[in-house]
2 protein chains.
Amino acid sequence: MTHQTRIEARIAEWSQKLPQGNLYAPMAYLMGLPAKRVRPMLVLMACELFGGRAEDALDEALGIELFHNFTLMHDDIMDAAPLRRGHATVHEKWDVNTAILSGDAMLVKAYQLMGKHPQVAAIFSKHALAVCEGQQLDMEYERREQVSVSEYRAMIRLKTAMLLAGSLQIGACLAGAGAVDQERIAAFGEHLGLAFQLRDDLLDAFGDPAATGKQQGGDLRAGKKTFLLIRGLELGEAHGRRELQDELAKPGEGRDVPRMLKVLEELGVRTEAERTVQQEEEWAMNALGEVSAPADRKKPLRQLVTLLMGRTR
Amino acid sequence: MTHQTRIEARIAEWSQKLPQGNLYAPMAYLMGLPAKRVRPMLVLMACELFGGRAEDALDEALGIELFHNFTLMHDDIMDAAPLRRGHATVHEKWDVNTAILSGDAMLVKAYQLMGKHPQVAAIFSKHALAVCEGQQLDMEYERREQVSVSEYRAMIRLKTAMLLAGSLQIGACLAGAGAVDQERIAAFGEHLGLAFQLRDDLLDAFGDPAATGKQQGGDLRAGKKTFLLIRGLELGEAHGRRELQDELAKPGEGRDVPRMLKVLEELGVRTEAERTVQQEEEWAMNALGEVSAPADRKKPLRQLVTLLMGRTR
C-alpha cells in the first residue's frame with residue numbers, strides 16, 4: 001500500500017466516524033476535497049527514514065492534515081475567500097460562525113491525535129504557534145505599504161515552511177530519532193518549504209496556465225506582495241524604473257500583467273527567484289545528507305525534492 | 001498564599017513573558033480583565049482534595065483559564081458582543097480577524113500547558129470538544145422557534161458544566177486519583193455547573209440589580225431562551241396564558257419585563273427553577289460525599305458549593 005492510499009483510507013475512516021451535526025460536517029467536507037497530503041506524507045516518510053513503521057505514525061499524520069485544514073478553514077474566513085480547492089469555502093457553504101467553531105473543534109480533534117506522546121505534542125504546538133505567527137505577519141504585511149524581502153522570507157518560513165519541518169520532526173520523533181537528527185530533518189523541511197512557496201510564487205507568474213490551472217499572474221494582478229513583486233519594486237527603484245508602481249496604481253482589473261512580467265524578467269527578478277529556489281533545494285539536500293540514516297532510506301525524500309524541483313503546477 | 005493569589009500571580013507572570021505583537025496582546029488583555037477564576041480554582045482544589053500539591057497543578061490551572069478565555073474571545077465574535085466583563089471585546093478593540101487568530105493561538109498555548117501528561121491532555125480534549133458542541137447547540141437554538149427544557153439542559157451541560165467537570169477531573173488526575181474517583185469529582189462538577197448556570201438565569205430575572213450590576217430581566221428583554229422562558233412558554237400554553245408570547249411578539253425595547261416576571265412567578269416557573277438549582281446542588285454534594293478522601297479535605301469544595309448556593313451576583 002502506498003503512503004497516499006494509507007492516508008486517504010485513514011481520512012475516509014475518520015470522516016465516517018464523525019458524529020452528525022453542523023460542528024462536524026464542515027470538517028468532513030474540507031478533509032474530503034482532493035488534496036496533495038504533503039504534510040502527512042512527510043510524517044510517514046520521516047518515520048520510515050529513521051527505521052519506524054508508517055502504520056505507527058498514521059494517527060499523527062492525520063492530526064497534521066487536520067491541523068493544516070483547520071488553518072485553511074480559518075484563513076479563508078480572514079481572507080474572505082469564496083473558493084478552496086475549486087469548491088466553496090466552509091464559511092460560504094455554511095456561515096462564518098460555523099466556520100469559526102468547526103475550525104476550533106478541528107484543532108481540538110488534531111490534538112486528540114497528537115497527544116499520545118508529550119514530546120510529539122510539544123513539537124506540534126511549537127510549529128502550530130509558528131503558523132499562527134506567520135498568518136499574523138501575512139495579514140499585517142497586506143496592510144503595509146513596504147515589506148522587505150527578508151520580512152517576506154521570515155513570514156513564509158513561519159506560515160508555510162515551519163509546518164513541513166514540524167511534520168518531518170514528528171515522524172522522526174515517533175521513530176525514536178535523537179535530538180540532532182530531529183533538528184537536521186526539520187532544517188531539511190524548512191528549506192523544502194521555502195523552496196516550495198517561492199516556486200509557487202514563480203509558477204503563479206511565469207507558469208503555464210494549462211498546467212497550473214490558474215490565470216497567469218493572478219498574484220501580480222491582485223497586487224499580492226510576493227518575493228517577485230517586493231524584489232521587483234526594490235530593483236525598479238534602484239534602476240529608476242517605475243513600470244511596476246505605475247501598474248500597481250491602477251485598479252486590479254486594469255493592470256497590464258504581461259508588462260509587469262516583462263519588467264520582472266528585465267530586472268533579473270525571475271532569475272534571482274529561480275536561483276533562490278535552487279539554493280533552498282540544495283540546502284535541503286545538504287541537511288538530508290547530514291542525517292544519520294542509511295542512504296537507501298533517504299531515497300524517497302530525495303525523490304520528493306527532485307519531483308518538487310521539476311514541478312510545473 | 002490563597003489559591004486566588006497564586007492563580008493571579010501565575011497569570012501575571014505568563015502575560016509578561018508573552019512576545020510583542022498583535023497575536024499575543026489580545027491574550028494578555030483578556031486574561032488581565034478581572035474575573036472569578038472559578039475553573040483554575042477547581043483544578044487546584046481537586047488536586048489538593050486527593051492529596052496533591054496545588055503548586056504542581058498551576059500550569060494546568062492556567063491552561064484551563066486560557067482555554068476558557070479562548071472560548072470567550074471566539075464566542076464574543078459569534079454573538080457580535082461589544083462588551084466582556086465591562087470592557088471592549090477583543091474583536092471590537094482590535095478586529096474580527098485578530099480575534100479569530102489570537103484565539104486560535106491561545107488554544108495552542110493552552111495545550112502547551114496541558115500536554116505534559118497524556119492522560120490530562122485527553123481529559124482536557126474531551127471536555128474542550130463538549131464546550132464546542134454546547135456552543136454549536138446554543139447557536140442552533142437561537143435560530144429555532146421551539147426548544148425543550150431537556151434540550152436546554154443538554155446544551156448548558158455541554159457548554160458550561162462540562163468544563164467545570166473537566167477542571168476538577170484534571171486536578172484529580174494530577175494528584176493520582178483513581179478512575180472511579182475521577183468520575184465522581186467530574187459528576188460533582190457537572191451538577192455544580194448546571195446549578196451555577198440555572199442560578200445565573202434566575203439572578204438575571206429576579207436578582208437585585210444593585211448586587212448583580214446588570215439590568216433586571218436582560219435575558220427576557222432579549223428573548224433569550226433560558227430555562228425560565230422555555231418553561232414559562234410551555235406552562236403558559238398548558239394554562240391558556242399568552243402573556244409571554246404577546247410580549248415576545250413586541251420588539252425587545254418594547255417588552256414589559258415586570259409583566260413577564262409576574263407571569264413567571266404565577267406560573268410557578270421561579271419556584272420550579274429554584275427547586276431545580278437546589279436539586280443539582282444536592283446531587284453535587286452527594287457526588288462529593290462519595291469521593292474517597294478524608295472529610296476535612298472535602299471542606300473547601302463544600303464551602304464553595306455553600307457560597308455559590310447563597311450568591312446574589
# chains A, B, ... in the order shown; residues from 1 in each chain; ligands from 1

$ interface_residues --of "chain A" --to "chain B" --cutoff "8 Å" --atoms "only C-alpha atoms" --output "VMD selection string"
chain A and resid 22 to 23 74 78 97 to 98 100 to 102 104 to 105 108 to 109 111 to 112 115 to 118 121 to 122 125 128 to 129 132 to 133 136

$ write_last_selection --atoms "N, CA and C atoms" --output "PDB file, in the first residue's frame"
ATOM      1  N   ASN A  22     -23.750  20.127  12.509  1.00  0.00           N
ATOM      2  CA  ASN A  22     -23.025  21.189  11.819  1.00  0.00           C
ATOM      3  C   ASN A  22     -21.670  21.522  12.425  1.00  0.00           C
ATOM      4  N   LEU A  23     -21.344  20.921  13.576  1.00  0.00           N
ATOM      5  CA  LEU A  23     -19.994  21.127  14.113  1.00  0.00           C
ATOM      6  C   LEU A  23     -18.999  20.263  13.337  1.00  0.00           C
ATOM      7  N   HIS A  74      -9.933  28.659   8.798  1.00  0.00           N
ATOM      8  CA  HIS A  74      -9.909  29.979   9.424  1.00  0.00           C
ATOM      9  C   HIS A  74      -9.253  31.027   8.526  1.00  0.00           C
ATOM     10  N   MET A  78     -10.618  34.800   7.159  1.00  0.00           N
ATOM     11  CA  MET A  78      -9.855  36.060   7.280  1.00  0.00           C
ATOM     12  C   MET A  78      -9.620  36.696   5.913  1.00  0.00           C
ATOM     13  N   ASN A  97     -19.774  31.938  11.471  1.00  0.00           N
ATOM     14  CA  ASN A  97     -19.749  31.390  12.828  1.00  0.00           C
ATOM     15  C   ASN A  97     -19.509  29.887  12.837  1.00  0.00           C
ATOM     16  N   THR A  98     -20.147  29.199  11.915  1.00  0.00           N
ATOM     17  CA  THR A  98     -19.937  27.746  11.824  1.00  0.00           C
ATOM     18  C   THR A  98     -18.477  27.439  11.488  1.00  0.00           C
ATOM     19  N   ILE A 100     -15.855  29.324  12.166  1.00  0.00           N
ATOM     20  CA  ILE A 100     -15.006  29.603  13.338  1.00  0.00           C
ATOM     21  C   ILE A 100     -15.072  28.416  14.294  1.00  0.00           C
ATOM     22  N   LEU A 101     -16.298  28.012  14.643  1.00  0.00           N
ATOM     23  CA  LEU A 101     -16.482  27.000  15.676  1.00  0.00           C
ATOM     24  C   LEU A 101     -16.029  25.616  15.223  1.00  0.00           C
ATOM     25  N   SER A 102     -16.337  25.271  13.986  1.00  0.00           N
ATOM     26  CA  SER A 102     -15.930  23.967  13.481  1.00  0.00           C
ATOM     27  C   SER A 102     -14.401  23.891  13.395  1.00  0.00           C
ATOM     28  N   ASP A 104     -12.322  25.524  15.374  1.00  0.00           N
ATOM     29  CA  ASP A 104     -11.853  25.361  16.756  1.00  0.00           C
ATOM     30  C   ASP A 104     -11.901  23.884  17.174  1.00  0.00           C
ATOM     31  N   ALA A 105     -13.040  23.260  16.892  1.00  0.00           N
ATOM     32  CA  ALA A 105     -13.205  21.852  17.275  1.00  0.00           C
ATOM     33  C   ALA A 105     -12.232  20.965  16.493  1.00  0.00           C
ATOM     34  N   VAL A 108      -8.972  20.934  18.234  1.00  0.00           N
ATOM     35  CA  VAL A 108      -9.039  20.012  19.380  1.00  0.00           C
ATOM     36  C   VAL A 108      -8.903  18.563  18.895  1.00  0.00           C
ATOM     37  N   LYS A 109      -9.607  18.234  17.798  1.00  0.00           N
ATOM     38  CA  LYS A 109      -9.519  16.876  17.244  1.00  0.00           C
ATOM     39  C   LYS A 109      -8.081  16.563  16.814  1.00  0.00           C
ATOM     40  N   TYR A 111      -5.389  17.728  18.188  1.00  0.00           N
ATOM     41  CA  TYR A 111      -4.633  17.461  19.416  1.00  0.00           C
ATOM     42  C   TYR A 111      -4.955  16.095  20.005  1.00  0.00           C
ATOM     43  N   GLN A 112      -6.198  15.636  19.816  1.00  0.00           N
ATOM     44  CA  GLN A 112      -6.533  14.294  20.323  1.00  0.00           C
ATOM     45  C   GLN A 112      -5.642  13.255  19.657  1.00  0.00           C
ATOM     46  N   GLY A 115      -1.686  13.873  20.934  1.00  0.00           N
ATOM     47  CA  GLY A 115      -1.413  13.963  22.362  1.00  0.00           C
ATOM     48  C   GLY A 115      -0.905  12.691  23.035  1.00  0.00           C
ATOM     49  N   LYS A 116      -0.744  11.618  22.259  1.00  0.00           N
ATOM     50  CA  LYS A 116      -0.339  10.358  22.898  1.00  0.00           C
ATOM     51  C   LYS A 116       1.077  10.423  23.466  1.00  0.00           C
ATOM     52  N   HIS A 117       1.943  11.175  22.783  1.00  0.00           N
ATOM     53  CA  HIS A 117       3.333  11.320  23.236  1.00  0.00           C
ATOM     54  C   HIS A 117       3.611  12.794  23.537  1.00  0.00           C
ATOM     55  N   PRO A 118       3.901  13.125  24.804  1.00  0.00           N
ATOM     56  CA  PRO A 118       4.129  14.534  25.161  1.00  0.00           C
ATOM     57  C   PRO A 118       5.189  15.210  24.290  1.00  0.00           C
ATOM     58  N   ALA A 121       3.543  16.108  21.046  1.00  0.00           N
ATOM     59  CA  ALA A 121       2.611  17.220  21.262  1.00  0.00           C
ATOM     60  C   ALA A 121       3.368  18.537  21.383  1.00  0.00           C
ATOM     61  N   ALA A 122       4.526  18.505  22.046  1.00  0.00           N
ATOM     62  CA  ALA A 122       5.308  19.733  22.221  1.00  0.00           C
ATOM     63  C   ALA A 122       5.859  20.233  20.882  1.00  0.00           C
ATOM     64  N   SER A 125       2.884  21.738  18.986  1.00  0.00           N
ATOM     65  CA  SER A 125       2.455  23.047  19.478  1.00  0.00           C
ATOM     66  C   SER A 125       3.405  24.151  19.024  1.00  0.00           C
ATOM     67  N   ALA A 128       2.729  24.770  15.415  1.00  0.00           N
ATOM     68  CA  ALA A 128       1.384  25.323  15.230  1.00  0.00           C
ATOM     69  C   ALA A 128       1.379  26.817  15.553  1.00  0.00           C
ATOM     70  N   LEU A 129       2.073  27.188  16.618  1.00  0.00           N
ATOM     71  CA  LEU A 129       2.170  28.589  17.008  1.00  0.00           C
ATOM     72  C   LEU A 129       2.908  29.393  15.934  1.00  0.00           C
ATOM     73  N   CYS A 132       0.512  30.330  13.228  1.00  0.00           N
ATOM     74  CA  CYS A 132      -0.313  31.476  13.635  1.00  0.00           C
ATOM     75  C   CYS A 132       0.481  32.776  13.518  1.00  0.00           C
ATOM     76  N   GLU A 133       1.745  32.753  13.962  1.00  0.00           N
ATOM     77  CA  GLU A 133       2.584  33.957  13.868  1.00  0.00           C
ATOM     78  C   GLU A 133       2.773  34.356  12.404  1.00  0.00           C
ATOM     79  N   GLN A 136      -0.374  35.953  11.103  1.00  0.00           N
ATOM     80  CA  GLN A 136      -0.464  37.301  11.678  1.00  0.00           C
ATOM     81  C   GLN A 136       0.393  38.281  10.860  1.00  0.00           C
TER      82      GLN A 136
END

$ residues_around --residues "A:Gly252" --least-positions-apart "5" --cutoff "10 Å" --atoms "only C-alpha atoms" --output "ChimeraX atom specification"
/A:218,220-223,247,257

$ write_last_selection --atoms "N, CA and C atoms" --output "CSV table (one decimal), in the first residue's frame"
chain,number,residue,atom,x,y,z
A,218,GLY,N,-1.9,35.9,-11.5
A,218,GLY,CA,-3.0,36.3,-10.6
A,218,GLY,C,-2.5,37.1,-9.4
A,220,LEU,N,0.1,39.0,-9.2
A,220,LEU,CA,0.5,40.4,-9.6
A,220,LEU,C,-0.7,41.2,-9.8
A,221,ARG,N,-1.7,40.7,-10.5
A,221,ARG,CA,-3.0,41.4,-10.7
A,221,ARG,C,-3.6,41.8,-9.4
A,222,ALA,N,-3.5,41.0,-8.4
A,222,ALA,CA,-4.1,41.3,-7.1
A,222,ALA,C,-3.1,42.2,-6.3
A,223,GLY,N,-1.9,42.4,-6.8
A,223,GLY,CA,-1.0,43.3,-6.0
A,223,GLY,C,-0.4,42.6,-4.8
A,247,GLU,N,1.7,50.3,-12.7
A,247,GLU,CA,0.7,49.3,-12.8
A,247,GLU,C,-0.1,49.1,-11.5
A,257,VAL,N,-0.6,42.8,-17.0
A,257,VAL,CA,0.2,41.8,-16.4
A,257,VAL,C,1.4,41.4,-17.3

$ residues_around --residues "stretch 293-307 of chain B" --least-positions-apart "2" --cutoff "12 Å" --atoms "only C-alpha atoms" --output "ChimeraX atom specification"
/B:2-3,38,41-52,168,172,175,177-178,181-182,184-185,188-189,191-193,195-196,277-278,280-291,309-313

$ closest_residue --among "B:Gly268, B:Gly63, B:Pro26, B:Gly232" --to "B:Ser148" --atoms "only C-alpha atoms"
B:Gly232

$ closest_residue --among "A:Glu13, A:Glu55, A:Glu92, A:Asp200" --to "A:Ala273" --atoms "only C-alpha atoms"
A:Asp200

$ atom_distance --atom1 "atom CA of A:Leu66" --atom2 "atom CA of B:Met73"
22.3 Å

$ residues_around --residues "A:Ala205" --least-positions-apart "5" --cutoff "10 Å" --atoms "only C-alpha atoms" --output "list in words"
Arg199, Asp200, Lys214, Gln215, Gln216, Gly217, Gly218, Asp219, Leu220, Arg221, Leu228, Val257, Pro258, Met260, Leu261, Leu264 and Arg270 of chain A

$ write_last_selection --atoms "N, CA and C atoms" --output "PDB file, in the first residue's frame"
ATOM      1  N   ARG A 199       8.610  28.666  -5.280  1.00  0.00           N
ATOM      2  CA  ARG A 199       8.274  28.089  -6.586  1.00  0.00           C
ATOM      3  C   ARG A 199       6.801  28.335  -6.922  1.00  0.00           C
ATOM      4  N   ASP A 200       5.957  28.275  -5.891  1.00  0.00           N
ATOM      5  CA  ASP A 200       4.545  28.622  -6.088  1.00  0.00           C
ATOM      6  C   ASP A 200       4.414  30.041  -6.631  1.00  0.00           C
ATOM      7  N   LYS A 214      -4.413  27.894 -13.212  1.00  0.00           N
ATOM      8  CA  LYS A 214      -4.729  29.224 -12.698  1.00  0.00           C
ATOM      9  C   LYS A 214      -4.436  30.277 -13.769  1.00  0.00           C
ATOM     10  N   GLN A 215      -5.116  31.394 -13.666  1.00  0.00           N
ATOM     11  CA  GLN A 215      -4.866  32.540 -14.534  1.00  0.00           C
ATOM     12  C   GLN A 215      -3.419  33.010 -14.329  1.00  0.00           C
ATOM     13  N   GLN A 216      -2.678  33.255 -15.436  1.00  0.00           N
ATOM     14  CA  GLN A 216      -1.281  33.652 -15.263  1.00  0.00           C
ATOM     15  C   GLN A 216      -1.171  35.030 -14.612  1.00  0.00           C
ATOM     16  N   GLY A 217      -0.289  35.134 -13.606  1.00  0.00           N
ATOM     17  CA  GLY A 217      -0.055  36.420 -12.955  1.00  0.00           C
ATOM     18  C   GLY A 217      -1.161  36.863 -12.029  1.00  0.00           C
ATOM     19  N   GLY A 218      -1.934  35.929 -11.496  1.00  0.00           N
ATOM     20  CA  GLY A 218      -3.032  36.274 -10.579  1.00  0.00           C
ATOM     21  C   GLY A 218      -2.544  37.068  -9.370  1.00  0.00           C
ATOM     22  N   ASP A 219      -1.393  36.669  -8.808  1.00  0.00           N
ATOM     23  CA  ASP A 219      -0.838  37.387  -7.649  1.00  0.00           C
ATOM     24  C   ASP A 219      -0.496  38.830  -8.015  1.00  0.00           C
ATOM     25  N   LEU A 220       0.112  39.017  -9.199  1.00  0.00           N
ATOM     26  CA  LEU A 220       0.509  40.363  -9.632  1.00  0.00           C
ATOM     27  C   LEU A 220      -0.719  41.227  -9.845  1.00  0.00           C
ATOM     28  N   ARG A 221      -1.723  40.652 -10.488  1.00  0.00           N
ATOM     29  CA  ARG A 221      -2.964  41.400 -10.735  1.00  0.00           C
ATOM     30  C   ARG A 221      -3.568  41.843  -9.407  1.00  0.00           C
ATOM     31  N   LEU A 228       8.482  38.134  -5.763  1.00  0.00           N
ATOM     32  CA  LEU A 228       8.678  38.751  -7.074  1.00  0.00           C
ATOM     33  C   LEU A 228       8.350  40.243  -7.059  1.00  0.00           C
ATOM     34  N   VAL A 257      -0.640  42.837 -16.950  1.00  0.00           N
ATOM     35  CA  VAL A 257       0.187  41.780 -16.362  1.00  0.00           C
ATOM     36  C   VAL A 257       1.373  41.408 -17.261  1.00  0.00           C
ATOM     37  N   PRO A 258       1.182  41.252 -18.595  1.00  0.00           N
ATOM     38  CA  PRO A 258       2.342  40.945 -19.441  1.00  0.00           C
ATOM     39  C   PRO A 258       3.457  41.988 -19.300  1.00  0.00           C
ATOM     40  N   MET A 260       4.084  43.765 -16.602  1.00  0.00           N
ATOM     41  CA  MET A 260       4.705  43.541 -15.290  1.00  0.00           C
ATOM     42  C   MET A 260       5.678  42.362 -15.367  1.00  0.00           C
ATOM     43  N   LEU A 261       5.257  41.293 -16.059  1.00  0.00           N
ATOM     44  CA  LEU A 261       6.120  40.107 -16.186  1.00  0.00           C
ATOM     45  C   LEU A 261       7.403  40.468 -16.938  1.00  0.00           C
ATOM     46  N   LEU A 264       9.772  42.313 -14.689  1.00  0.00           N
ATOM     47  CA  LEU A 264      10.396  41.398 -13.713  1.00  0.00           C
ATOM     48  C   LEU A 264      11.523  40.609 -14.374  1.00  0.00           C
ATOM     49  N   ARG A 270      13.149  37.327 -12.039  1.00  0.00           N
ATOM     50  CA  ARG A 270      12.801  35.928 -12.275  1.00  0.00           C
ATOM     51  C   ARG A 270      14.017  35.033 -12.042  1.00  0.00           C
TER      52      ARG A 270
END

$ select_by_dssp --residues "stretch 157-228 of chain A" --states "helix (DSSP H, G or I)" --output "PyMOL selection string"
chain A and resi 157-174+179-206+209-212+218-221+227-228

$ atom_distance --atom1 "atom CA of A:His87" --atom2 "atom CA of A:Asp204"
19.5 Å

$ atom_distance --atom1 "atom CA of A:Met27" --atom2 "atom CA of A:Trp14"
10.3 Å

$ select_by_dssp --residues "stretch 31-123 of chain B" --states "strand (DSSP E)" --output "PyMOL selection string"
chain B and resi 83-84+87-88

$ closest_residue --among "B:Gly171, B:Leu267, B:Gly86, B:Glu253" --to "B:Ala238" --atoms "only C-alpha atoms"
B:Leu267

$ closest_residue --among "B:Ile156, B:Gln169, B:Lys224, B:Val149" --to "B:Val269" --atoms "only C-alpha atoms"
B:Val149
